[in-house]
Each structure stands twice: as structure tokens, then as C-alpha cells.
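The file data.cif comes next; it holds mmCIF, C-alpha atoms.
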```cif
data_upload
#
loop_
_atom_site.group_PDB
_atom_site.id
_atom_site.type_symbol
_atom_site.label_atom_id
_atom_site.label_comp_id
_atom_site.auth_asym_id
_atom_site.auth_seq_id
_atom_site.Cartn_x
_atom_site.Cartn_y
_atom_site.Cartn_z
ATOM 1 C CA MET Z 297 181.677 129.601 141.565
ATOM 2 C CA GLN Z 298 178.673 128.046 142.975
ATOM 3 C CA SER Z 299 178.790 124.722 144.608
ATOM 4 C CA ARG Z 300 176.402 121.910 144.007
ATOM 5 C CA SER Z 301 174.653 122.488 147.234
ATOM 6 C CA SER Z 302 173.443 125.913 146.245
ATOM 7 C CA PRO Z 303 169.709 126.406 145.828
ATOM 8 C CA GLN Z 304 170.042 127.020 142.077
ATOM 9 C CA CYS Z 305 171.627 123.603 141.522
ATOM 10 C CA LYS Z 306 168.921 121.825 143.424
ATOM 11 C CA TRP Z 307 166.333 123.495 141.247
ATOM 12 C CA PHE Z 308 168.212 122.337 138.149
ATOM 13 C CA ASP Z 309 168.384 118.764 139.490
ATOM 14 C CA THR Z 310 164.611 118.646 140.044
ATOM 15 C CA LEU Z 311 164.012 119.798 136.464
ATOM 16 C CA LYS Z 312 165.585 116.593 135.178
ATOM 17 C CA TYR Z 313 162.756 114.519 136.672
ATOM 18 C CA VAL Z 314 159.843 116.742 135.617
ATOM 19 C CA GLN Z 315 158.053 115.368 132.564
ATOM 20 C CA VAL Z 316 157.101 117.746 129.821
ATOM 21 C CA PRO Z 317 153.998 117.031 127.693
ATOM 22 C CA GLY Z 318 155.978 116.050 124.559
ATOM 23 C CA ASP Z 319 158.318 113.689 126.396
ATOM 24 C CA MET Z 320 158.434 110.088 125.090
ATOM 25 C CA THR Z 321 158.172 108.511 128.512
ATOM 26 C CA SER Z 322 154.948 110.387 129.265
ATOM 27 C CA MET Z 323 153.550 109.288 125.840
ATOM 28 C CA LYS Z 324 154.421 105.662 126.572
ATOM 29 C CA GLU Z 325 152.751 105.878 129.954
ATOM 30 C CA MET Z 326 149.634 107.410 128.425
ATOM 31 C CA ILE Z 327 149.411 104.680 125.773
ATOM 32 C CA HIS Z 328 149.991 102.024 128.439
ATOM 33 C CA ARG Z 329 147.191 103.470 130.588
ATOM 34 C CA CYS Z 330 144.740 103.713 127.658
ATOM 35 C CA LEU Z 331 145.427 100.152 126.557
ATOM 36 C CA SER Z 332 145.088 98.892 130.103
ATOM 37 C CA LEU Z 333 141.803 100.737 130.546
ATOM 38 C CA GLY Z 334 140.478 99.483 127.200
ATOM 39 C CA LEU Z 335 141.385 95.890 127.962
ATOM 40 C CA THR Z 336 139.868 96.084 131.429
ATOM 41 C CA LEU Z 337 136.609 97.584 130.145
ATOM 42 C CA SER Z 338 136.265 95.016 127.346
ATOM 43 C CA VAL Z 339 136.791 92.144 129.795
ATOM 44 C CA MET Z 340 134.190 93.627 132.127
ATOM 45 C CA PHE Z 341 131.601 94.105 129.355
ATOM 46 C CA ALA Z 342 132.208 90.641 127.925
ATOM 47 C CA GLY Z 343 131.795 89.079 131.363
ATOM 48 C CA ASN Z 344 128.646 91.080 132.040
ATOM 49 C CA ALA Z 345 127.109 90.093 128.694
ATOM 50 C CA ARG Z 346 127.939 86.433 129.303
ATOM 51 C CA ALA Z 347 126.405 86.591 132.788
ATOM 52 C CA ARG Z 348 123.205 88.149 131.394
ATOM 53 C CA ARG Z 349 122.996 85.496 128.688
ATOM 54 C CA MET Z 350 123.444 82.711 131.232
ATOM 55 C CA ALA Z 351 120.790 84.233 133.513
ATOM 56 C CA ALA Z 352 118.372 84.575 130.610
ATOM 57 C CA GLN Z 353 118.825 80.920 129.658
ATOM 58 C CA VAL Z 354 118.210 79.748 133.181
ATOM 59 C CA ASN Z 355 115.117 81.869 133.908
ATOM 60 C CA VAL Z 356 113.236 81.489 130.613
ATOM 61 C CA PRO Z 357 110.745 78.632 130.595
ATOM 62 C CA LYS Z 358 110.479 76.585 127.431
ATOM 63 C CA LYS Z 359 107.590 77.729 125.254
ATOM 64 C CA GLU Z 360 105.658 75.421 123.046
ATOM 65 C CA PRO Z 361 105.642 76.635 119.441
ATOM 66 C CA ILE Z 362 102.307 78.045 118.367
ATOM 67 C CA PRO Z 363 101.113 76.340 115.196
ATOM 68 C CA LEU Z 364 100.324 78.650 112.313
ATOM 69 C CA PRO Z 365 96.781 78.618 111.002
ATOM 70 C CA LEU Z 366 96.297 76.601 107.855
ATOM 71 C CA PRO Z 367 95.890 78.636 104.664
ATOM 72 C CA PRO Z 368 92.450 78.497 103.089
ATOM 73 C CA PRO Z 369 92.125 75.784 100.468
ATOM 74 C CA PRO Z 370 92.426 76.975 96.881
ATOM 75 C CA PRO Z 371 89.165 77.280 95.014
ATOM 76 C CA THR Z 372 88.402 74.065 93.208
ATOM 77 C CA VAL Z 373 86.010 75.609 90.724
ATOM 78 C CA MET Z 374 87.329 78.258 88.397
ATOM 79 C CA PRO Z 375 84.958 81.184 88.025
ATOM 80 C CA GLU Z 376 83.131 80.808 84.758
ATOM 81 C CA ARG Z 377 83.359 83.443 82.094
ATOM 82 C CA PRO Z 378 80.134 84.582 80.594
ATOM 83 C CA ALA Z 379 79.303 83.086 77.248
ATOM 84 C CA LEU Z 380 81.049 84.601 74.240
ATOM 85 C CA THR Z 381 78.637 86.934 72.466
ATOM 86 C CA SER Z 382 78.748 88.979 69.275
ATOM 87 C CA PHE Z 383 78.053 92.704 69.421
ATOM 88 C CA SER Z 384 77.784 95.005 66.412
ATOM 89 C CA GLY Z 385 77.773 98.755 66.287
ATOM 90 C CA THR Z 386 80.010 101.817 65.902
ATOM 91 C CA VAL Z 387 83.131 102.452 67.959
ATOM 92 C CA VAL Z 388 82.826 105.921 69.488
ATOM 93 C CA ARG Z 389 84.934 107.920 71.913
ATOM 94 C CA HIS Z 390 83.256 108.210 75.323
ATOM 95 C CA GLY Z 391 85.354 110.584 77.453
ATOM 96 C CA SER Z 392 88.906 109.207 77.606
ATOM 97 C CA ARG Z 393 87.737 105.686 76.702
ATOM 98 C CA PHE Z 394 86.068 104.015 73.772
ATOM 99 C CA ALA Z 395 82.575 102.550 73.675
ATOM 100 C CA LEU Z 396 80.437 100.538 71.288
ATOM 101 C CA ARG Z 397 77.160 102.213 70.266
ATOM 102 C CA GLU Z 398 74.695 99.659 68.950
ATOM 103 C CA ILE Z 399 72.069 100.522 66.341
ATOM 104 C CA ASP Z 400 69.316 100.706 68.986
ATOM 105 C CA GLY Z 401 71.401 103.281 70.941
ATOM 106 C CA ASP Z 402 72.796 101.074 73.713
ATOM 107 C CA LEU Z 403 76.290 102.136 74.741
ATOM 108 C CA TYR Z 404 78.823 99.583 76.052
ATOM 109 C CA ALA Z 405 82.180 100.734 77.481
ATOM 110 C CA LEU Z 406 85.075 98.807 75.923
ATOM 111 C CA ASP Z 407 87.830 97.435 78.154
ATOM 112 C CA SER Z 408 90.648 97.686 75.597
ATOM 113 C CA THR Z 409 91.427 101.128 74.238
ATOM 114 C CA GLY Z 410 94.388 99.708 72.303
ATOM 115 C CA LEU Z 411 92.200 97.319 70.318
ATOM 116 C CA ALA Z 412 89.394 99.817 69.740
ATOM 117 C CA TRP Z 413 91.156 103.029 68.659
ATOM 118 C CA PRO Z 414 91.998 101.903 65.080
ATOM 119 C CA PHE Z 415 88.253 101.365 64.533
ATOM 120 C CA GLU Z 416 87.047 104.722 65.876
ATOM 121 C CA GLY Z 417 83.961 105.834 63.881
ATOM 122 C CA GLU Z 418 83.754 102.487 62.050
ATOM 123 C CA GLU Z 419 81.050 99.826 62.036
ATOM 124 C CA VAL Z 420 82.481 96.743 63.764
ATOM 125 C CA LEU Z 421 81.614 93.259 64.931
ATOM 126 C CA ILE Z 422 83.005 92.455 68.389
ATOM 127 C CA SER Z 423 83.238 88.960 69.816
ATOM 128 C CA GLY Z 424 83.504 89.148 73.572
ATOM 129 C CA TYR Z 425 81.587 89.061 76.782
ATOM 130 C CA LEU Z 426 79.938 91.653 78.952
ATOM 131 C CA ASN Z 427 81.225 91.830 82.528
ATOM 132 C CA PRO Z 428 78.088 92.335 84.659
ATOM 133 C CA ASP Z 429 80.039 93.708 87.660
ATOM 134 C CA SER Z 430 81.933 96.475 85.861
ATOM 135 C CA GLY Z 431 79.675 96.910 82.844
ATOM 136 C CA LEU Z 432 82.672 96.659 80.499
ATOM 137 C CA LEU Z 433 82.579 94.814 77.226
ATOM 138 C CA HIS Z 434 85.680 92.614 77.090
ATOM 139 C CA ILE Z 435 86.965 92.376 73.516
ATOM 140 C CA CYS Z 436 88.153 88.955 72.385
ATOM 141 C CA ALA Z 437 88.112 89.831 68.651
ATOM 142 C CA ILE Z 438 87.140 92.921 66.679
ATOM 143 C CA GLU Z 439 86.571 93.201 62.933
ATOM 144 C CA GLU Z 440 85.340 95.931 60.668
ATOM 145 C CA VAL Z 441 81.888 95.110 59.197
ATOM 146 C CA GLU Z 442 82.919 96.108 55.639
ATOM 147 C CA ASP Z 443 85.648 93.424 55.724
ATOM 148 C CA LEU Z 444 83.031 90.825 56.624
ATOM 149 C CA ARG Z 445 80.754 91.910 53.752
ATOM 150 C CA ALA Z 446 83.639 91.612 51.280
ATOM 151 C CA GLU Z 447 84.391 88.073 52.517
ATOM 152 C CA ALA Z 448 80.723 87.040 52.198
ATOM 153 C CA VAL Z 449 80.513 88.153 48.547
#
```
Once you've parsed the file, please lay out its structure as C-alpha cells.
Amino acid sequence: MQSRSSPQCKWFDTLKYVQVPGDMTSMKEMIHRCLSLGLTLSVMFAGNARARRMAAQVNVPKKEPIPLPLPPPPPTVMPERPALTSFSGTVVRHGSRFALREIDGDLYALDSTGLAWPFEGEEVLISGYLNPDSGLLHICAIEEVEDLRAEAV
């Protein structure tokens, strides 16, 4: 038999104190180290951020607020519409839009396709106004001329 003082026994005794990777004590130590490191780093960052904030408050001079410019006053006078005028003629298609062709041949583009399309090819009386900037005839009311003749009789 071998005695305890033999070299093989000493090797066996040292194996008891070697930690293997799956050992619970090594896991606990690793968790303890990670938590300690995390806590230390968070305290350091929090202290550094607080120190920067304090330094920024001390070094920044007080600025006077810059007043915003006043908005322009609203227009007091409403733009006037041109006078309401009556136009008579035939509703014709002019490209993708409709137009009013008067008896003397003048052609006025109509602003409302929805109001004009039921009267395409018909003689109509339009109450509206001519926009001088765009050249469009704004329709306020549109009536077929035959309906007006029937009412007059």
C-alpha cells in the first residue's frame, strides 16, 4: 500500500482545491465580480455626470431671452370680389376642362368642372365673376337657357 506521503497522494490532494469551470463556487465568484464591477462603473458614471452638470451650471452665464418678432397684423380689409356678372353661351369641352363659348366667339375657362359637365353642349346662363389673375370664370349659378324661356312664357 501506498502511504499518504507518496507523490500520487499529494497530487490527489491538490485536485480537491482546483476549481473546474462548472463548479458552483467559481460561478458565485464570477457573479460577485460582475455585480461588483457593474455597481462600481454605475457609481463612477453617475458621479461623472453629476460633476459635469454642476460644472456646466457654474460656467454658463445667464442669457437674456430673445424676444420673438411680432407677427404681421391681419389684413383689415377683405379683398373684394369682382362684381357678379351674367354670361351666356354654350358649355364646350376645352381639353380636360370645360369652357363657356359666347356667341361672339369669346372663350372663358370655367373653374368648376363638376357644375359644368351636365350642361355640355347646352346654351346656358352663368352668374359669376371673372378672375382677372387666372382668367377663370367662377360659377356661382348655372342654368340652361331653355328653362329660362319656359319660365318667361
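Compared by their closest atoms to Ser408 of chain Z, and using all atoms listed in the file, the residues Z:Thr381, Z:Ser322, Z:Ser392, Z:Thr336 rank with Z:Ser392 nearest.
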Interatomic distance (Å, one decimal) between atom CA of Asn427 of chain Z and atom CA of Phe415 of chain Z: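 Those two atoms sit 21.5 Å apart.
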Which distance in Å separates atom CA of Ser423 of chain Z and atom CA of Glu439 of chain Z, to one decimal?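 Distance reported for this atom pair: 8.7 Å.
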So what does the PyMOL selection byres ((chain Z and resi 378) around 8) actually pick up in this one, as a list in words?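 Taken on the displayed file, the PyMOL selection byres ((chain Z and resi 378) around 8) yields the residues Glu376, Arg377, Ala379, Leu380, Tyr425, Leu426 and Asn427 of chain Z.
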Interatomic distance, atom CA of Ala437 of chain Z to atom CA of Leu403 of chain Z (Å, one decimal): 18.1 Å
Contacts of Trp413 of chain Z at 9 Å (all atoms listed in the file; same-chain gap of 6+ positions) as an mmCIF file with C-alpha atoms, in the coordinates of the input:
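Okay, this is what ended up in out-v4.cif:
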```cif
data_model
loop_
_atom_site.group_PDB
_atom_site.id
_atom_site.type_symbol
_atom_site.label_atom_id
_atom_site.label_comp_id
_atom_site.auth_asym_id
_atom_site.auth_seq_id
_atom_site.Cartn_x
_atom_site.Cartn_y
_atom_site.Cartn_z
ATOM 1 C CA VAL Z 387 83.131 102.452 67.959
ATOM 2 C CA VAL Z 388 82.826 105.921 69.488
ATOM 3 C CA ARG Z 389 84.934 107.920 71.913
ATOM 4 C CA PHE Z 394 86.068 104.015 73.772
#
```
When you count all atoms listed in the file, which of these residues is closest to Ala405 of chain Z: Z:Pro361, Z:Pro369, Z:Gly385, Z:Gly431?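 Once distances to Ala405 of chain Z are computed over all atoms listed in the file, the minimum belongs to Z:Gly431.
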Top pick for closest residue to Leu433 of chain Z, considering Z:Ile399, Z:Ser382, Z:Glu418, Z:Gly410 and counting only C-alpha atoms: Z:Ser382
What box, with edges along x, y and z, holds each listed atom of segment 406-415 of chain Z when 6 Å is added on every side, and can you state its centre and edge lengths in Å to one decimal, as AutoDock Vina command-line options?
```
--center_x 89.7 --center_y 100.2 --center_z 71.3 --size_x 21.3 --size_y 17.7 --size_z 25.6
```
Nearest residue to Tyr404 of chain Z from the set Z:Ala345, Z:Val339, Z:Cys330, Z:Leu432 (distances using all atoms listed in the file):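 Among the listed residues, the smallest separation from Tyr404 of chain Z belongs to Z:Leu432.
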